[in-house]
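Trainee: Encoded as structure tokens, here's the structure I'll be asking about.
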Amino acid sequence: MIKKRIFLIILSLVFSAFISSQLRIEIKGGLEDPINIAIVPFQWNLKTPQQESIQKVVQSDLESFGEYAVLSPENMLSLPSRAEEVFFKDWRILGSDFLVIGEVNPLEEPKEMLVNYLIFDVVRERIIHRGKVIGPIVTQRKMAHKISDKIYSKTQGIPGIFSTKIAYIDKPSDLNPAYNLMISDIDGFDSLSLFSSPQPLMSPSWSTDMKKIAYVSFEEGSSRIYIQELATAERIGLKQEEGINSSPNWSPDGKKMSAVLSKSGNPDIHIYDFKQSRWIQLTNHFGIDTEPDWSPDSNKLIFTSNRSGSPQIYELNVKSKKVKRLTFEGSYNARARYLPNGKEIVFVHRRNGIFHIATQNIKTGKIKILTDTTLDESPTVSPNGNVVIYATKDGDKDVLAGITIDGRTKFTMPSMKGEAREPSWSPLID
Amino acid sequence: MNYTSPLILSVFIHLGIGLSFSNFFNIDFDIFNIESAKPISAYVIFDKETEPKKEQIKIPKKTKSAESVKNDIKTIAISSPDLVIDKLQQLSSTETYLPKERTNKFSQSDIEKYSFLIKQQVFNNWKRPKGSNPELKTEIQINLVPTGEILSAKIIKGSGNQVFDDSALVAISRINNFEGLNMQTKLFDEHFRTFILIFSPN
């Protein structure tokens with residue numbers, strides 16, 4: 001009896017200790033202020049003069065989406081290039097959250113250089129990343145973009161997109177009478193024409209490895225899907241079917257390509273299986289089904305269909321071929337693209353007669369309008385899910401513009417000459 | 001002979017002892033220590049005395065340790081002994097103004113009030129990184145001294161996203177010292193000496 005009692009007392013003692021709870025204070029949200037960062041001009045130890053400051057390229061990268069406030073070098077109290085020269089107090093006084101320093105050194109190979117850089121957490125007084133980039137001296141911009149990417153991922157927790165590219169179609173203008181398939185850096189620099197044709201070019205789409213681009217060309221009189229290798233400029237035409245061949249889109253696993261074919265009489269969603277080299281029909285409806293896009297797991301496709309009477313977005317399960325309507329608000333919803341999280345889509349939404357870029361949560365159906373310009377179309381999402389680039393009008397001119405997914409920062413793609421349409425964002429590669 | 005119940009008994013006792021030594025229950029043994037409780041009364045003087053001074057300095061940096069606190073008290077005593085004596089007299093004569101301290105009682109709303117103060121200061125110092133998807137959650141255990149100075153901050157449950165966890169620790173480093181936590185000793189010891197901050201994006 002006594003034994004039992006002692007046993008119970010100890011048992012309750014042990015468990016009461018488990019229950020004793022600590023005060024828990026929950027902080028939700030946090031500030032969305034820009035991150036204050038100081039990038040000290042990198043020390044240049046090469047004999048050849050510096051053409052472009054790495055610090056300036058990194059600064060313009062980081063400032064492009066309004067996520068960083070970069071301290072101007074004139075306001076710096078010191079210009080360290082090595083860790084031992086850093087006095088955290090100086091940078092705290094200037095309000096910096098992070099500090100980046102670095103130096104550029106020559107390599108044995110005379111045309112190459114090595115950039116060593118350090119990222120510091122100023123508040124906690126520690127190095128959070130030691131990085132180095134090696135490359136030909138002429139590719140300084142590219143190397144700077146790599147550094148920007150690292151800074152972004154180390155301070156925002158998602159990959160940076162400054163080394164990605166945008167493919168787009170340059171429409172004929174007075175300056176250039178041909179259609180051009182272009183690629184460029186996302187800051188508009190290093191643009192390059194991959195293919196030029198007097199007949200229309202449409203719908204560029206990147207392969208997952210960023211080595212190829214698929215697009216539609218009318219060079220043979222009717223539409224055909226081509227795949228072009230970037231490095232060799234080699235082109236392969238996919239098996240052409242009767243009628244429309246349009247909207248090619250690579251699956252994220254790289255095994256298939258979705259497209260729209262009208263060989264059965266009206267436009268339906270098909271996929272091209274690279275292994276079997278044949279087309280497989282997925283939808284079969286008398287309405288128009290078009291503009292397919294793959295879910296990040298390659299199991300689903302979203303597409304636009306007018307089967308209900310007005311263009312709306314539908315989701316298709318590739319295996320079961322089951323179709324589910326996603327958009328119900330408004331009489332025009334089209335050209336949808338998945339966000340990389342697979343939980344939201346971005347598309348063109350008409351409200352009060354005006355075409356906007358909007359996002360919708362697939363589960364809740366909640367729509368958020370991002371842009372307030374009038375003729376926005378062809379949205380494409382950055383591979384980190386943070387920015388949308390779309391085609392719009394600047395007066396009479398076709399331009400590419402962008403907006404962050406939170407709707408806070410808008411920008412026009414700089415230094416893009418000509419008339420740019422149908423942007424397509426490349427994937428992320430290392 | 002039946003060894004079962006003594007065996008179970010011994011397992012529980014040893015488990016209990018083992019877990020307490022590894023500080024599993026988060027018992028703060030300092031509160032049982034009479035010596036460590038002594039200086040608290042001195043803080044009352046110090047707090048009142050240096051409050052306007054604190055605001056002027058505005059950037060309390062990491063190096064503010066127990067030593068600097070001691071130094072502060074010393075300088076005050078030397079520069080203006082009259083003032084300290086004044087304050088001491090005032091305190092002893094106005095004992096009736098501190099009835100709560102004597103009854104050692106505090107209400108739930110007191111906890112809420114100080115929790116809110118902490119929450120506000122953390123919120124204003126926390127820059128949430130872009131890549132914070134809504135499911136992230138970081139739990140950080142904070143240890144304070146009665147002045148509000150943060151002794152330690154330890155992640156007890158990480159979010160899995162290093163940058164997100166770091167942003168929370170940066171916010172705490174920025175604060176360094178919670179302002180406005182002048183509360184009764186008992187309330188402090190029971191709830192604010194050690195508590196948990198939970199950071200979540202939404």
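Chain labels follow the order of the structure tokens: the first chain is A, the next B, and so on; residue numbering restarts at 1 in every chain, and ligands are counted from 1 in their shown order.
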So which residues touch Asp189 (chain B) within 10 Å, counting only C-alpha atoms, skipping near sequence neighbours fewer than 2 positions away, as a list of chain:residue names?

Mentor: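 Within the cut-off, the hits are B:Asp28, B:Asp30, B:Ile31, B:Leu144, B:Val145, B:Pro146, B:Met183, B:Gln184, B:Thr185, B:Lys186, B:Leu187, B:His191, B:Phe192, B:Arg193, B:Thr194.
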
Trainee: Next, write the just-selected residues to a file, as a tab-separated table (two decimals), in the first residue's frame, keeping C-alpha atoms as the atom set.

Mentor:
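Wrote it out as result30.tsv, contents follow:
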```
chain	number	residue	atom	x	y	z
B	28	ASP	CA	16.24	27.85	-13.64
B	30	ASP	CA	19.23	30.62	-10.10
B	31	ILE	CA	15.85	31.52	-8.68
B	144	LEU	CA	16.87	37.49	-19.51
B	145	VAL	CA	18.21	39.32	-16.48
B	146	PRO	CA	15.80	41.63	-14.67
B	183	MET	CA	8.12	44.37	-13.20
B	184	GLN	CA	7.85	42.58	-9.90
B	185	THR	CA	10.54	40.08	-9.15
B	186	LYS	CA	8.12	37.22	-8.78
B	187	LEU	CA	6.45	37.90	-12.12
B	191	HIS	CA	7.53	34.05	-16.62
B	192	PHE	CA	10.18	36.30	-18.08
B	193	ARG	CA	13.51	35.00	-16.86
B	194	THR	CA	13.16	32.27	-19.44
```

Trainee: Could the residues of chain B within 6 Å of chain A, counting only C-alpha atoms, be given as a CSV table (one decimal) with C-alpha atoms, in the first residue's frame, please?

Mentor:
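iface-v3.csv written:
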```csv
chain,number,residue,atom,x,y,z
B,123,PHE,CA,8.6,42.7,-34.5
B,126,TRP,CA,12.8,41.5,-37.4
B,127,LYS,CA,13.3,41.7,-41.2
B,128,ARG,CA,11.7,38.7,-42.6
B,129,PRO,CA,13.7,37.2,-45.6
B,130,LYS,CA,11.9,36.9,-48.9
B,131,GLY,CA,12.1,33.1,-49.1
B,163,VAL,CA,18.5,32.1,-43.4
B,191,HIS,CA,7.5,34.0,-16.6
B,195,PHE,CA,10.6,32.3,-22.2
B,196,ILE,CA,10.1,31.2,-25.8
B,197,LEU,CA,9.8,33.4,-28.9
B,198,ILE,CA,8.1,31.8,-31.9
B,199,PHE,CA,8.8,33.4,-35.2
B,200,SER,CA,6.5,32.6,-38.1
B,201,PRO,CA,6.0,34.5,-41.4
B,202,ASN,CA,2.2,34.5,-41.3
```

Trainee: Quick one: residues within 6 Å of Val216 (chain A), only C-alpha atoms, excluding same-chain residues fewer than 5 positions away - as a short mmCIF file (atom, residue, chain, number, x, y, z; two decimals) with N, CA and C atoms, in the first residue's frame?

Mentor:
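Once everything was written out, this is result_4.cif:
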```
data_model
loop_
_atom_site.label_atom_id
_atom_site.label_comp_id
_atom_site.auth_asym_id
_atom_site.auth_seq_id
_atom_site.Cartn_x
_atom_site.Cartn_y
_atom_site.Cartn_z
N LEU A 201 7.53 34.13 -85.55
CA LEU A 201 8.07 33.20 -84.54
C LEU A 201 7.23 33.40 -83.28
N MET A 202 7.00 32.30 -82.55
CA MET A 202 6.14 32.40 -81.36
C MET A 202 6.58 31.45 -80.25
N ARG A 224 5.08 25.16 -87.11
CA ARG A 224 5.79 23.95 -86.75
C ARG A 224 6.63 24.24 -85.50
N ILE A 225 6.77 23.22 -84.66
CA ILE A 225 7.56 23.38 -83.44
C ILE A 225 9.00 22.98 -83.70
#
```

Trainee: Any idea what's packed within 12 Å of Asn352 (chain A), counting only C-alpha atoms, ignoring anything in its chain fewer than 3 positions away? Could you give it as a list in words?

Mentor: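 The residues satisfying every condition are Glu329, Gly330, Ser331, Tyr332, His349, Phe355, His356, Asp372 and Thr374 of chain A.
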
Trainee: Mind pulling up the distance from CA of Ser295 (chain A) to CA of Ala334 (chain A)?

Mentor: 16.1 Å

Trainee: So, counting only C-alpha atoms, which residue among A:Pro423, A:Pro198, A:Pro73, A:Pro383 is closest to Ile161 (chain A)?

Mentor: A:Pro383

Trainee: Can you list, as an MDAnalysis selection string, all residues belonging to region 162-226 of chain A that DSSP tags as strand (DSSP E)?

Mentor: chainID A and resid 165:171 179:185 192:197 201:206 212:217 224:226

Trainee: Find the residues around region 163-173 of chain A up to 8 Å (only C-alpha atoms counted), leave out those fewer than 4 positions away in its own chain, and share them as an mmCIF file with C-alpha atoms, in the first residue's frame.

Mentor:
```cif
data_model
loop_
_atom_site.group_PDB
_atom_site.id
_atom_site.type_symbol
_atom_site.label_atom_id
_atom_site.label_comp_id
_atom_site.auth_asym_id
_atom_site.auth_seq_id
_atom_site.Cartn_x
_atom_site.Cartn_y
_atom_site.Cartn_z
ATOM 1 C CA LYS A 142 28.459 37.048 -65.540
ATOM 2 C CA HIS A 145 25.717 38.027 -61.372
ATOM 3 C CA LYS A 146 26.950 34.805 -59.722
ATOM 4 C CA ASP A 149 22.924 35.191 -56.671
ATOM 5 C CA PRO A 177 12.076 43.920 -90.587
ATOM 6 C CA ALA A 178 12.361 40.324 -89.295
ATOM 7 C CA TYR A 179 11.105 38.279 -86.376
ATOM 8 C CA ASN A 180 13.925 37.445 -83.991
ATOM 9 C CA LEU A 181 14.163 34.860 -81.256
ATOM 10 C CA MET A 182 16.189 36.666 -78.599
ATOM 11 C CA ILE A 183 17.786 35.783 -75.281
ATOM 12 C CA SER A 184 19.194 38.259 -72.800
ATOM 13 C CA ASP A 185 20.220 38.631 -69.174
ATOM 14 C CA ILE A 186 17.388 39.745 -66.940
ATOM 15 C CA LEU A 201 8.070 33.204 -84.540
ATOM 16 C CA MET A 202 6.137 32.399 -81.363
ATOM 17 C CA SER A 203 6.120 30.841 -77.881
ATOM 18 C CA PRO A 204 9.736 30.302 -76.825
ATOM 19 C CA SER A 205 10.198 27.762 -74.029
ATOM 20 C CA TRP A 206 13.405 26.719 -72.234
ATOM 21 C CA GLY A 418 12.749 46.797 -80.640
ATOM 22 C CA GLU A 419 9.377 45.263 -79.902
ATOM 23 C CA ALA A 420 9.565 42.490 -77.335
ATOM 24 C CA ARG A 421 6.778 39.922 -76.956
ATOM 25 C CA GLU A 422 6.192 36.576 -75.247
ATOM 26 C CA PRO A 423 8.868 36.485 -72.582
ATOM 27 C CA SER A 424 9.968 33.115 -71.230
ATOM 28 C CA TRP A 425 12.092 32.839 -68.123
ATOM 29 C CA SER A 426 14.898 30.291 -68.109
ATOM 30 C CA PRO A 427 15.206 27.727 -65.324
ATOM 31 C CA LEU A 428 17.831 28.009 -62.582
ATOM 32 C CA ILE A 429 21.052 26.176 -63.156
#
```

Trainee: Using CA of Phe328 (chain A) and CA of Gly365 (chain A) as the two end points, give the distance in Å to one decimal.

Mentor: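 Between CA of Phe328 (chain A) and CA of Gly365 (chain A) the gap works out to 8.3 Å.
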
Trainee: Which residues are close to Ile271 (chain A), i.e. within 7 Å by only C-alpha atoms, leaving aside same-chain residues fewer than 3 positions away? Reply as a ChimeraX atom specification.

Mentor: /A:256-259,279-281

Trainee: For those residues, write C-alpha atoms to a file as a PDB file, in the first residue's frame.

Mentor:
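The resulting file, again-v3.pdb, is reproduced below:
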```
ATOM      1  CA  LYS A 256       8.075  15.379 -72.462  1.00  0.00           C
ATOM      2  CA  MET A 257       6.828  18.457 -74.162  1.00  0.00           C
ATOM      3  CA  SER A 258       3.272  19.711 -74.058  1.00  0.00           C
ATOM      4  CA  ALA A 259       1.826  21.503 -77.062  1.00  0.00           C
ATOM      5  CA  TRP A 279       2.376  12.695 -79.898  1.00  0.00           C
ATOM      6  CA  ILE A 280      -0.171  11.638 -77.244  1.00  0.00           C
ATOM      7  CA  GLN A 281      -3.524  13.410 -77.127  1.00  0.00           C
TER       8      GLN A 281
END
```
